[in-house]
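**Q** Have a look at this one before I ask anything.
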Amino acid sequence: MYTSFLYLCLHVALFQTNLVHSLFIQAARALANLAAHGDSNSNNSAVGQEAGALEALVQLTRSPHEGVRQEAAGALWNLSFDDRNREAIAAAGGVEALVALAQSCSNASPGLQERAAGALWGLSVSEANSVAIGREGGVAPLIALARSRAEDVHETAAGALWNLAFNPGNALHIVEEGGVSALVDLCKTSVSKMARFMAALALAYMFDGRMDEFALIGTSSESVSKSVSLDGARRTALKHIEAFVLTFSDPQAFAAAAASSAPASLSHVTEGARIQEAGHLRCSGAEIGRFVAMLRNPSSILKACAAFALLQFTIPGGRHAVHHASLMQNAGAARVLRAAAAAATAPLEAKIFARIVLRNLERHHTEPSL
């Protein structure tokens with residue numbers, strides 16, 4: 001009954017714009033609260049299955065009132081944690097509406113900016129939606145939002161760009177729109193560890209080699225020009241990925257871990273490297289597979305970044321750590337991690353992080369450690 005009343009409020013609001021706007025702000029906010037807490041909330045799926053609910057929220061993102069747009073985007077963000085909702089929002093025109101909202105909110109409140117980027121982050125978990133967001137022009141406004149002064153906006157914009165960068169075409173588009181400098185700035189200056197982490201992962205996706213074939217499409221002269229431009233962007237990106245990873249490297253703790261096989265030495269490194277909020281991130285098999293493949297990348301910096309990311313995703317106690325450990329087992333990650341941990345030419349950070357991930361896998365009862 002309560003949810004039905006909320007849907008009625010939303011539909012009335014769509015057709016009676018002179019109604020007191022606090023009514024449908026409250027209705028959209030209540031739906032957002034019902035769907036909150038992501039994939040652990042059974043209400044999330046139920047709300048999305050109510051006839052017309054998602055369509056009404058998509059329509060409300062076009063409201064002339066900022067408060068309404070903010071609450072509608074927040075509700076769609078929460079609802080997008082559910083797989084079926086994510087696709088239904090896209091089918092209801094949510095990609096186009098949310099890209100338009102992101103394009104229009106450069107001077108809006110941080111709350112609206114955070115939710116607009118957050119809803120695109122949620123939708124972009126789907127590869128099809130990610131491609132659609134890029135096609136609809138979503139890259140440029142997300143880069144603009146990444147330059148916000150608000151920490152919460154940093155996180156949602158970086159998360160959306162990280163998801164988009166998984167697709168090589170989107171990755172090239174991010175480069176062409178000036179996104180490397182925005183992501184580098186987040187890596188260097190954001191107060192949010194999560195924003196810095198996801199910005200570094202977006203840069204790693206962009207320069208692990210998969211984007212190169214897209215960059216070489218065109219005439220010979222265009223290809224050479226793009227190649228030269230990408231070389232400079234790659235050097236800049238790798239430099240700041242390395243600097244980010246090194247901020248979690250305590251020389252004394254790493255030296256002790258390198259000299260000892262005692263679990264306590266690895267535990268000390270883990271605690272210093274852990275980003276608590278990263279335990280809430282859920283990766284797909286394709287994403288985990290990409291980080292495992294990155295452990296074999298010729299770049300020592302990308303090796304260290306991949307090992308650091310896998311450490312975050314597998315720390316016991318993380319919401320999705322068991323899921324990630326299972327995906328890694330399926331990807332044959334233990335063998336690759338052992339090779340990374342033993343590689344004579346690998347940086348110390350990559351070796352130690354790889355050993356910690358192996359220990360995490362052992363604790364999740366997937367593969368034995370070294």
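Letters A, B, ... mark the chains of the structure tokens in the order given; residue numbers begin at 1 per chain; ligand numbers begin at 1, in order shown.
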DSSP on the backbone, alpha helix (DSSP H) only: what residues of segment 233-268 of chain A does that give? Format it as a ChimeraX atom specification.
**A** /A:233-246,251-259,263-268
**Q** Could you name the residues that touch segment 327-344 of chain A at 6 Å or less, counting only C-alpha atoms, but leaving out those on the same chain fewer than 6 positions away, as a list in words?
**A**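 Near neighbours after the sequence-gap exclusion: Gly285, Lys351, Ala354 and Arg355 of chain A.
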**Q** For those residues, write all heavy atoms to a file as a PDB file, in the first residue's frame.
**A**
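Saved to selection_13.pdb:
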ATOM      1  N   GLY A 285      33.053 -11.025 -13.955  1.00  0.00           N
ATOM      2  CA  GLY A 285      34.114 -11.929 -14.354  1.00  0.00           C
ATOM      3  C   GLY A 285      35.045 -11.316 -15.376  1.00  0.00           C
ATOM      4  O   GLY A 285      36.268 -11.534 -15.337  1.00  0.00           O
ATOM      5  N   LYS A 351      54.991  -7.639  -6.201  1.00  0.00           N
ATOM      6  CA  LYS A 351      55.279  -8.938  -5.593  1.00  0.00           C
ATOM      7  C   LYS A 351      54.539  -9.113  -4.262  1.00  0.00           C
ATOM      8  O   LYS A 351      53.918 -10.153  -4.013  1.00  0.00           O
ATOM      9  CB  LYS A 351      56.780  -9.077  -5.357  1.00  0.00           C
ATOM     10  CG  LYS A 351      57.625  -9.161  -6.619  1.00  0.00           C
ATOM     11  CD  LYS A 351      59.092  -9.315  -6.225  1.00  0.00           C
ATOM     12  CE  LYS A 351      59.984  -9.446  -7.431  1.00  0.00           C
ATOM     13  NZ  LYS A 351      61.391  -9.669  -7.056  1.00  0.00           N
ATOM     14  N   ALA A 354      50.754  -9.276  -4.729  1.00  0.00           N
ATOM     15  CA  ALA A 354      50.381 -10.576  -5.297  1.00  0.00           C
ATOM     16  C   ALA A 354      50.380 -11.658  -4.223  1.00  0.00           C
ATOM     17  O   ALA A 354      49.484 -12.520  -4.175  1.00  0.00           O
ATOM     18  CB  ALA A 354      51.329 -10.946  -6.437  1.00  0.00           C
ATOM     19  N   ARG A 355      51.372 -11.631  -3.347  1.00  0.00           N
ATOM     20  CA  ARG A 355      51.413 -12.607  -2.245  1.00  0.00           C
ATOM     21  C   ARG A 355      50.201 -12.446  -1.330  1.00  0.00           C
ATOM     22  O   ARG A 355      49.620 -13.446  -0.866  1.00  0.00           O
ATOM     23  CB  ARG A 355      52.704 -12.433  -1.436  1.00  0.00           C
ATOM     24  CG  ARG A 355      53.946 -12.983  -2.113  1.00  0.00           C
ATOM     25  CD  ARG A 355      55.192 -12.702  -1.273  1.00  0.00           C
ATOM     26  NE  ARG A 355      55.066 -13.239   0.079  1.00  0.00           N
ATOM     27  CZ  ARG A 355      55.855 -12.876   1.095  1.00  0.00           C
ATOM     28  NH1 ARG A 355      56.818 -11.965   0.911  1.00  0.00           N
ATOM     29  NH2 ARG A 355      55.684 -13.409   2.289  1.00  0.00           N
TER      30      ARG A 355
END
**Q** Per residue of segment 269-303 of chain A within 12 Å of segment 78-92 of chain A, note the shortest atom pair and the distance in Å to one decimal, counting only C-alpha atoms, and order the rows by chain and increasing residue number, as a Markdown table.
**A**
| residue | atom | partner | partner_atom | distance |
| --- | --- | --- | --- | --- |
| A:His280 | CA | A:Phe81 | CA | 11.8 |
| A:Leu281 | CA | A:Phe81 | CA | 11.1 |
| A:Arg282 | CA | A:Phe81 | CA | 10.2 |
**Q** Which of these residues is nearest to Arg149 of chain A, using only C-alpha atoms: A:Pro110, A:Pro298, A:Gly52, A:Gly317?
**A**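 Counting only C-alpha atoms, the residue closest to Arg149 of chain A is A:Pro110.
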